[in-house]
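Text of the file data-v6.cif, holding mmCIF, C-alpha atoms:
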data_structure
loop_
_atom_site.label_atom_id
_atom_site.label_comp_id
_atom_site.auth_asym_id
_atom_site.auth_seq_id
_atom_site.Cartn_x
_atom_site.Cartn_y
_atom_site.Cartn_z
CA MET B 78 -11.10 15.78 2.47
CA ASP B 79 -14.63 16.10 1.10
CA ASN B 80 -13.73 19.44 -0.41
CA PHE B 81 -10.72 17.87 -1.96
CA VAL B 82 -12.63 14.98 -3.51
CA SER B 83 -15.39 17.20 -4.80
CA SER B 84 -12.85 19.53 -6.38
CA ILE B 85 -11.44 16.56 -8.27
CA ASP B 86 -14.96 15.72 -9.38
CA ASN B 87 -15.44 19.23 -10.66
CA GLN B 88 -12.46 18.92 -12.93
CA GLU B 89 -13.88 15.93 -14.70
CA PRO B 90 -16.05 16.08 -17.78
CA ALA B 91 -19.71 15.15 -17.45
CA PRO B 92 -20.04 11.35 -17.20
CA VAL B 93 -21.16 9.68 -20.39
CA LEU B 94 -22.72 6.24 -20.05
CA PRO B 95 -22.87 4.17 -23.19
CA PRO B 96 -26.50 3.04 -23.55
CA GLU B 97 -25.75 -0.66 -24.04
CA LEU B 98 -23.88 -0.96 -20.71
CA PRO B 99 -25.66 -1.59 -17.43
CA ALA B 100 -26.28 1.60 -15.50
CA ALA B 101 -24.59 1.54 -12.15
CA SER B 102 -23.93 4.03 -9.45
CA PRO B 103 -21.77 3.87 -6.32
CA VAL B 104 -23.71 3.05 -3.17
CA THR B 105 -23.74 6.36 -1.38
CA LYS B 106 -26.01 7.67 1.27
CA THR B 107 -27.17 11.22 1.61
CA ARG B 108 -25.15 13.25 4.07
CA LYS B 109 -28.11 13.60 6.41
CA GLY B 110 -28.82 9.87 6.32
CA LYS B 111 -25.21 9.04 7.10
CA LYS B 112 -25.13 11.46 10.02
CA LEU B 113 -28.18 9.84 11.54
CA GLU B 114 -26.81 6.37 10.94
CA ASN B 115 -23.52 7.24 12.64
CA LEU B 116 -25.38 8.61 15.61
CA LYS B 117 -27.64 5.57 15.83
CA GLU B 118 -25.14 2.79 15.09
CA LEU B 119 -21.92 4.11 16.58
CA GLY B 120 -23.08 6.77 19.00
CA GLN B 121 -20.87 9.22 17.16
CA ILE B 122 -21.58 12.42 15.41
CA GLU B 123 -19.94 13.20 12.14
CA ILE B 124 -16.86 15.37 12.47
CA PRO B 125 -16.86 18.26 10.00
CA PRO B 126 -14.19 17.58 7.38
CA ALA B 127 -11.13 19.80 7.58
CA PRO B 128 -9.18 20.54 4.42
CA THR B 129 -5.91 18.64 4.26
CA ASN B 130 -2.88 19.00 2.03
CA ILE B 131 -1.52 15.53 2.71
CA HIS B 132 -2.53 12.20 1.31
CA CYS B 133 -2.47 9.11 3.47
CA ILE B 134 -1.86 5.63 2.06
CA SER B 135 -2.04 2.47 4.14
CA ILE B 136 0.25 -0.36 3.18
CA ILE B 137 -1.51 -3.23 4.92
CA GLY B 138 -1.63 -7.02 5.02
CA GLN B 139 0.05 -8.86 2.18
CA ILE B 140 1.52 -6.98 -0.74
CA GLU B 141 -0.27 -8.69 -3.58
CA GLY B 142 1.73 -9.69 -6.63
CA HIS B 143 0.75 -11.00 -10.01
CA MET B 144 -1.46 -13.66 -8.47
CA ILE B 145 -4.70 -12.65 -6.77
CA LEU B 146 -4.48 -13.76 -3.17
CA PRO B 147 -7.27 -15.88 -1.66
CA PRO B 148 -9.88 -13.70 0.06
CA GLN B 149 -8.82 -14.46 3.66
CA ASN B 150 -5.81 -12.18 3.05
CA LYS B 151 -5.93 -8.45 3.48
CA ALA B 152 -3.95 -7.15 0.57
CA THR B 153 -2.27 -4.04 -0.77
CA LYS B 154 -2.94 -4.04 -4.50
CA TYR B 155 -0.17 -2.57 -6.59
CA GLU B 156 -2.41 -1.91 -9.58
CA HIS B 157 -4.32 0.60 -7.44
CA ILE B 158 -1.39 2.10 -5.51
CA LEU B 159 0.82 2.77 -8.55
CA PRO B 160 -1.63 5.00 -10.49
CA GLN B 161 -2.60 6.61 -7.18
CA LEU B 162 1.03 7.68 -6.76
CA VAL B 163 0.96 9.08 -10.30
CA ALA B 164 -2.09 11.17 -9.36
CA ILE B 165 -0.36 12.32 -6.16
CA GLU B 166 2.69 13.47 -8.09
CA GLN B 167 0.49 15.44 -10.48
CA ASN B 168 -2.13 16.84 -8.13
CA PRO B 169 -1.14 20.32 -6.90
CA GLN B 170 -3.50 20.04 -3.90
CA ILE B 171 -1.47 17.20 -2.44
CA GLU B 172 1.72 18.53 -0.90
CA GLY B 173 2.90 15.53 1.06
CA VAL B 174 2.24 11.82 1.51
CA LEU B 175 2.09 9.78 4.69
CA PHE B 176 2.45 6.01 4.46
CA LEU B 177 1.03 3.99 7.32
CA MET B 178 2.65 0.59 7.32
CA ASN B 179 1.42 -2.61 8.90
CA THR B 180 2.40 -5.30 6.45
CA VAL B 181 3.63 -8.88 6.59
CA GLY B 182 5.46 -8.59 3.29
CA GLY B 183 4.48 -10.30 0.08
CA ASP B 184 5.51 -10.27 -3.55
CA VAL B 185 9.03 -8.95 -4.18
CA GLU B 186 8.28 -7.42 -7.59
CA ALA B 187 5.13 -5.64 -6.42
CA GLY B 188 6.81 -4.42 -3.24
CA LEU B 189 9.81 -3.08 -5.13
CA ALA B 190 7.52 -1.44 -7.70
CA ILE B 191 5.69 0.43 -4.95
CA ALA B 192 8.98 1.28 -3.20
CA GLU B 193 10.56 2.65 -6.38
CA MET B 194 7.48 4.78 -7.08
CA ILE B 195 7.55 6.22 -3.55
CA ALA B 196 11.29 6.85 -3.74
CA SER B 197 10.94 8.72 -7.02
CA LEU B 198 8.09 11.01 -5.90
CA SER B 199 9.22 14.61 -5.88
CA LYS B 200 6.90 15.52 -2.99
CA PRO B 201 7.74 15.08 0.70
CA THR B 202 7.03 11.53 1.90
CA VAL B 203 7.06 10.10 5.40
CA SER B 204 6.49 6.48 6.38
CA LEU B 205 5.35 5.29 9.78
CA VAL B 206 5.80 1.62 10.67
CA LEU B 207 3.15 0.50 13.13
CA GLY B 208 2.76 -3.07 14.29
CA GLY B 209 4.93 -4.64 11.63
CA GLY B 210 6.80 -3.87 8.45
CA HIS B 211 8.17 -7.29 7.62
CA SER B 212 10.26 -8.57 4.72
CA ILE B 213 9.33 -6.63 1.56
CA GLY B 214 7.65 -4.05 3.84
CA LEU B 215 11.16 -2.97 4.78
CA PRO B 216 12.15 -1.51 1.36
CA VAL B 217 8.73 0.15 1.18
CA ALA B 218 9.31 1.79 4.59
CA CYS B 219 12.83 2.88 3.60
CA SER B 220 11.64 4.33 0.29
CA ALA B 221 9.99 7.37 1.91
CA LYS B 222 12.21 10.41 2.34
CA TYR B 223 11.92 10.10 6.11
CA SER B 224 10.82 7.07 8.10
CA PHE B 225 9.46 6.52 11.58
CA ILE B 226 8.85 3.39 13.59
CA THR B 227 6.82 3.06 16.77
CA PRO B 228 8.79 1.60 19.71
CA SER B 229 6.74 -1.63 19.68
CA ALA B 230 6.74 -2.20 15.91
CA THR B 231 8.81 -5.01 14.45
CA MET B 232 10.49 -5.78 11.16
CA THR B 233 11.56 -9.27 10.16
CA ILE B 234 14.62 -9.49 7.94
CA HIS B 235 15.17 -12.93 6.42
CA PRO B 236 16.19 -14.46 3.06
CA ILE B 237 13.80 -14.40 0.11
CA ARG B 238 11.87 -17.53 -0.81
CA LEU B 239 10.83 -18.76 -4.19
CA THR B 240 7.62 -20.56 -5.08
CA GLY B 241 7.02 -22.83 -8.02
CA LEU B 242 8.75 -25.67 -9.75
CA VAL B 243 12.53 -25.81 -9.52
CA ILE B 244 14.01 -27.21 -12.73
CA GLY B 245 17.67 -26.27 -12.61
CA VAL B 246 19.08 -25.94 -9.10
CA PRO B 247 22.19 -23.83 -9.90
CA GLN B 248 20.15 -21.49 -12.12
CA THR B 249 17.44 -21.16 -9.48
CA LEU B 250 20.03 -20.37 -6.81
CA ASP B 251 21.57 -17.78 -9.06
CA TYR B 252 18.16 -16.23 -9.75
CA LEU B 253 17.29 -16.13 -6.07
CA ASP B 254 20.62 -14.51 -5.33
CA LYS B 255 19.89 -11.81 -7.91
CA MET B 256 16.42 -11.19 -6.50
CA GLN B 257 17.93 -10.84 -3.05
CA ASP B 258 20.58 -8.45 -4.33
CA ARG B 259 17.87 -6.17 -5.73
CA VAL B 260 16.27 -5.85 -2.33
CA VAL B 261 19.56 -5.47 -0.46
CA ARG B 262 20.72 -2.80 -2.90
CA PHE B 263 17.47 -0.87 -2.56
CA VAL B 264 17.54 -0.92 1.24
CA VAL B 265 21.21 0.09 1.37
CA GLU B 266 20.64 2.94 -1.09
CA HIS B 267 17.56 4.28 0.72
CA SER B 268 18.57 3.86 4.34
CA LYS B 269 21.63 4.38 6.53
CA CYS B 270 22.19 0.64 6.96
CA THR B 271 25.37 -0.78 5.42
CA GLU B 272 25.27 -3.77 3.09
CA GLU B 273 27.41 -5.87 5.47
CA LYS B 274 25.10 -5.15 8.39
CA PHE B 275 21.95 -5.85 6.38
CA ARG B 276 23.28 -9.17 5.08
CA GLU B 277 24.43 -10.10 8.58
CA LEU B 278 20.90 -9.40 9.91
CA MET B 279 19.39 -11.37 7.05
CA PHE B 280 21.43 -14.51 7.64
CA ARG B 281 21.74 -14.41 11.44
CA MET B 282 21.10 -17.75 13.13
CA GLY B 283 19.17 -18.54 16.28
CA GLN B 284 16.59 -15.75 16.26
CA LEU B 285 13.73 -17.15 14.24
CA ALA B 286 12.25 -20.55 15.06
CA ARG B 287 11.72 -21.74 11.49
CA ASP B 288 13.96 -19.50 9.46
CA ILE B 289 17.23 -17.64 9.62
CA GLY B 290 17.20 -13.89 10.01
CA THR B 291 16.40 -11.27 12.62
CA VAL B 292 13.38 -9.65 14.19
CA VAL B 293 14.25 -5.99 14.56
CA ILE B 294 12.18 -4.08 17.10
CA GLY B 295 11.63 -0.28 17.10
CA ASP B 296 14.86 1.04 18.68
CA ASP B 297 17.03 -1.55 16.92
CA ALA B 298 15.69 -0.56 13.49
CA VAL B 299 16.89 2.98 14.20
CA LYS B 300 20.17 1.73 15.66
CA TYR B 301 20.92 -0.31 12.52
CA GLY B 302 20.03 2.70 10.36
CA LEU B 303 17.08 1.02 8.62
CA ILE B 304 14.61 3.61 9.91
CA ASP B 305 15.37 7.26 10.64
CA GLU B 306 13.60 7.85 13.93
CA ILE B 307 11.38 6.44 16.66
CA GLY B 308 8.00 8.14 16.73
CA GLY B 309 4.26 7.98 16.32
CA ILE B 310 1.68 9.91 14.38
CA TYR B 311 2.54 13.22 16.07
CA GLU B 312 6.21 13.04 15.09
CA ALA B 313 5.40 11.75 11.58
CA ASN B 314 2.88 14.50 10.94
CA LYS B 315 5.16 17.21 12.36
CA LYS B 316 8.05 16.03 10.20
CA LEU B 317 5.86 15.93 7.09
CA GLU B 318 4.61 19.46 7.71
CA GLN B 319 8.17 20.67 8.20
CA MET B 320 9.26 18.95 4.97
CA ILE B 321 6.32 20.51 3.10
CA GLU B 322 7.41 23.95 4.31
CA GLU B 323 10.96 23.32 3.09
CA TYR B 324 9.65 21.95 -0.20
CA LYS B 325 7.49 25.05 -0.75
CA LYS B 326 10.49 27.28 -0.17
CA GLY B 327 12.23 25.37 -2.91
CA GLY B 328 14.82 23.86 -0.64
CA GLU B 329 15.98 20.30 -0.54
CA VAL B 330 13.70 17.78 1.10
CA HIS B 331 15.40 15.72 3.80
CA MET M 223 7.49 -15.59 -8.46
CA ALA M 224 9.43 -14.62 -5.39
CA TYR M 225 7.51 -14.20 -2.19
CA TRP M 226 9.03 -12.53 0.84
CA THR M 227 7.04 -12.84 4.02
CA PRO M 228 7.54 -14.38 7.47
CA LEU M 229 4.18 -16.14 7.07
CA ASP M 230 4.04 -19.69 5.73
CA LEU M 231 3.13 -19.77 2.08
CA GLU M 232 0.56 -22.46 2.94
CA GLN M 233 -1.12 -19.86 5.13
CA VAL M 234 -0.97 -17.10 2.52
CA PHE M 235 -2.27 -19.22 -0.33
CA ALA M 236 -4.71 -21.34 1.68
CA GLY M 237 -7.84 -21.94 -0.37
CA TRP M 238 -6.34 -20.81 -3.67
CA ASP M 239 -7.81 -23.88 -5.41
CA ARG M 240 -11.30 -23.08 -4.14
CA VAL M 241 -11.40 -19.51 -5.37
CA GLU M 242 -13.94 -19.13 -8.14
CA ASP M 243 -13.76 -16.23 -10.50
CA THR M 244 -17.27 -14.88 -10.51
CA THR M 245 -16.29 -11.33 -11.37
CA VAL M 246 -17.95 -9.31 -14.09
CA GLU M 247 -16.95 -6.15 -15.87
CA LEU M 248 -18.99 -3.04 -15.35
CA GLU M 249 -18.66 0.48 -16.60
CA ILE M 250 -19.35 3.42 -14.30
CA ASP M 251 -19.02 6.94 -15.71
CA GLY M 252 -16.68 5.66 -18.38
CA ARG M 253 -14.44 3.78 -15.96
CA LEU M 254 -14.15 0.06 -16.39
CA LEU M 255 -14.53 -1.84 -13.13
CA GLN M 256 -14.06 -5.49 -12.40
CA VAL M 257 -16.65 -6.27 -9.74
CA GLN M 258 -17.89 -9.27 -7.81
CA PRO M 259 -21.71 -9.39 -7.66
CA LEU M 260 -22.92 -10.01 -4.11
CA GLY M 261 -26.42 -11.06 -5.08
CA ASP M 262 -28.49 -8.33 -3.44
CA GLY M 263 -28.12 -5.70 -6.11
CA LYS M 264 -24.68 -4.77 -4.87
CA ALA M 265 -21.25 -5.65 -6.15
CA LYS M 266 -17.79 -5.37 -4.61
CA ILE M 267 -15.08 -3.60 -6.59
CA ILE M 268 -12.10 -5.85 -7.28
CA ARG M 269 -10.16 -3.48 -9.49
CA MET M 270 -10.59 -0.41 -11.63
CA ILE M 271 -9.14 0.13 -15.06
CA SER M 272 -8.80 3.78 -15.92
CA ALA M 273 -6.31 5.96 -17.70
CA ASN M 274 -7.12 8.96 -15.51
CA PRO M 275 -4.87 8.77 -12.44
CA ASN M 276 -7.27 11.01 -10.49
CA ASP M 277 -9.81 8.18 -10.50
CA PHE M 278 -7.47 6.26 -8.21
CA LEU M 279 -7.73 9.00 -5.58
CA ARG M 280 -11.47 8.50 -5.25
CA PRO M 281 -12.18 6.45 -2.15
CA GLU M 282 -15.56 5.26 -3.44
CA LEU M 283 -13.87 3.58 -6.40
CA SER M 284 -11.15 1.76 -4.48
CA PRO M 285 -11.04 -2.05 -4.26
CA GLY M 286 -13.43 -3.47 -1.66
CA GLU M 287 -15.98 -0.67 -2.02
CA LEU M 288 -19.57 -1.49 -2.94
CA VAL M 289 -21.45 -0.33 -6.00
CA ALA M 290 -25.11 -0.78 -6.81
CA ILE M 291 -25.94 -2.81 -9.89
CA ILE M 292 -29.29 -1.85 -11.31
#
Any chance you could put this one into structure tokens?
Amino acid sequence: MDNFVSSIDNQEPAPVLPPELPAASPVTKTRKGKKLENLKELGQIEIPPAPTNIHCISIIGQIEGHMILPPQNKATKYEHILPQLVAIEQNPQIEGVLFLMNTVGGDVEAGLAIAEMIASLSKPTVSLVLGGGHSIGLPVACSAKYSFITPSATMTIHPIRLTGLVIGVPQTLDYLDKMQDRVVRFVVEHSKCTEEKFRELMFRMGQLARDIGTVVIGDDAVKYGLIDEIGGIYEANKKLEQMIEEYKKGGEVH
Amino acid sequence: MAYWTPLDLEQVFAGWDRVEDTTVELEIDGRLLQVQPLGDGKAKIIRMISANPNDFLRPELSPGELVAII
């Protein structure tokens, strides 16, 4: 990974700091200092970095939308993820992307933006749902070319909510319906789940204490066709490597 | 704004009215960063504004990372 980052650095022109701006530099420690610190603080020695051809992105916590979330939230920031995906598409050293998902959902627009970007990447992509991939996390998980879920991971499927002042009730209902349709359409297009089944899961009664909807656990997500396969990091990595091989040969990526 | 999460919105947005924007803009190697000064010569990156997508692959420039303000 270090090699990879330094090779990106090498491509860049020499940094030019305008004189009137405050000089600043990232807080970095020397390699030797970091090694010693790791040994002292964690009882670990530094593992020599191995070159990798995949890029790993964690989709964690809340998916932040147009409003900055209060600091007690862990958040996935779309303004960082989106250009990162642009760089991934362009960078010839990155041959595949692995998405590690543990998210409680969040903003619909931001989630769909990330999902559409992932779905339109030309490179092999694999998502792995660990812990949870709730609500808007579901389209993000489906957007990868192949998806895995661990047996204990869960996904909550429930209707979308709207925040803010409601002025016209019929118009608001109509708007909410349209927002929901966007998500349903995306999931249906990018997974093996049918629209009828997805809507049935979304509006099922008696499963959630304070909402309608369903909690789908590992096996069930595969059974309903939302996720492709049950697996962990071994399966996800193996699949991604296999897809990279196929991609290099110029074949279709499945 | 449509929010889709099993969490209560009260939980997600708790403390939103107490959040103060104390961020400042800083330029590092030609990249504009919005940072939050932490008071001891360090600042936390909130976001980066850059037209070079490769900047977003650099872990040391991702949100939450620390930079030294001299």
Legend entry - Given the PyMOL selection byres ((chain M and resi 234) around 12), the residues it picks as a VMD selection string: (chain B and resid 138 to 141 144 to 152 181 to 184 240) or (chain M and resid 225 to 233 235 to 238)
Closest atom pairs, residues of chain M within 8 Å of chain B, all atoms listed in the file, as a Markdown table:
| residue | atom | partner | partner_atom | distance |
| --- | --- | --- | --- | --- |
| M:Met223 | CA | B:Thr240 | CA | 6.0 |
| M:Ala224 | CA | B:Leu239 | CA | 4.5 |
| M:Tyr225 | CA | B:Asp184 | CA | 4.6 |
| M:Trp226 | CA | B:Gly183 | CA | 5.1 |
| M:Thr227 | CA | B:Gly182 | CA | 4.6 |
| M:Pro228 | CA | B:Val181 | CA | 6.8 |
| M:Leu229 | CA | B:Val181 | CA | 7.3 |
| M:Val234 | CA | B:Asn150 | CA | 6.9 |
| M:Phe235 | CA | B:Pro147 | CA | 6.2 |
| M:Ala236 | CA | B:Pro147 | CA | 6.9 |
| M:Gly237 | CA | B:Pro147 | CA | 6.2 |
| M:Trp238 | CA | B:Pro147 | CA | 5.4 |
| M:Val241 | CA | B:Pro147 | CA | 6.6 |
| M:Leu248 | CA | B:Pro99 | CA | 7.1 |
| M:Glu249 | CA | B:Leu98 | CA | 6.8 |
| M:Ile250 | CA | B:Ala101 | CA | 6.0 |
| M:Asp251 | CA | B:Pro92 | CA | 4.8 |
| M:Gly252 | CA | B:Leu94 | CA | 6.3 |
| M:Arg269 | CA | B:His157 | CA | 7.4 |
| M:Met270 | CA | B:His157 | CA | 7.6 |
| M:Pro275 | CA | B:Ala164 | CA | 4.8 |
| M:Asn276 | CA | B:Ala164 | CA | 5.3 |
| M:Phe278 | CA | B:Gln161 | CA | 5.0 |
| M:Leu279 | CA | B:Gln161 | CA | 5.9 |
| M:Arg280 | CA | B:Val82 | CA | 6.8 |
| M:Glu282 | CA | B:Pro103 | CA | 7.0 |
| M:Leu283 | CA | B:Pro103 | CA | 7.9 |
| M:Ser284 | CA | B:His157 | CA | 7.5 |
| M:Pro285 | CA | B:His157 | CA | 7.9 |
| M:Leu288 | CA | B:Val104 | CA | 6.1 |
| M:Val289 | CA | B:Pro103 | CA | 4.2 |
| M:Ala290 | CA | B:Val104 | CA | 5.5 |
| M:Ile291 | CA | B:Ala101 | CA | 5.1 |
| M:Ile292 | CA | B:Ala101 | CA | 5.9 |
Inset, instruction - Using all atoms listed in the file, find the one residue out of M:Arg240, M:Ile268, M:Asp277, M:Gly286 that sits nearest to M:Leu255. - result: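 For M:Leu255, the nearest of the given residues is M:Ile268.
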Legend entry - Point-to-point distance in Å for atom CA of B:Ser199 and atom CA of B:Pro216: 17.9 Å
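Note on the selection: in this file the PyMOL selection byres ((chain B and resi 293) around 8) comes out as Thr231, Met232, Thr233, Ile234, Thr291, Val292, Ile294, Gly295, Asp297 and Ala298 of chain B.
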Legend entry - Two-atom distance - atom CA of M:Asn274, atom CA of B:Leu177 (Å):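 That distance, rounded to one decimal, is 24.7 Å.
Interatomic distance, atom CA of B:Asn130 against atom CA of B:Ala313: 14.6 Å.
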Output as JSON the centre and edge lengths (Å, one decimal) of the box along x, y and z of the file that holds every listed atom of stretch 256-268 of chain B after adding 4 Å on each side.
{"center_x": 18.7, "center_y": -3.5, "center_z": -1.1, "size_x": 12.9, "size_y": 23.5, "size_z": 18.8}
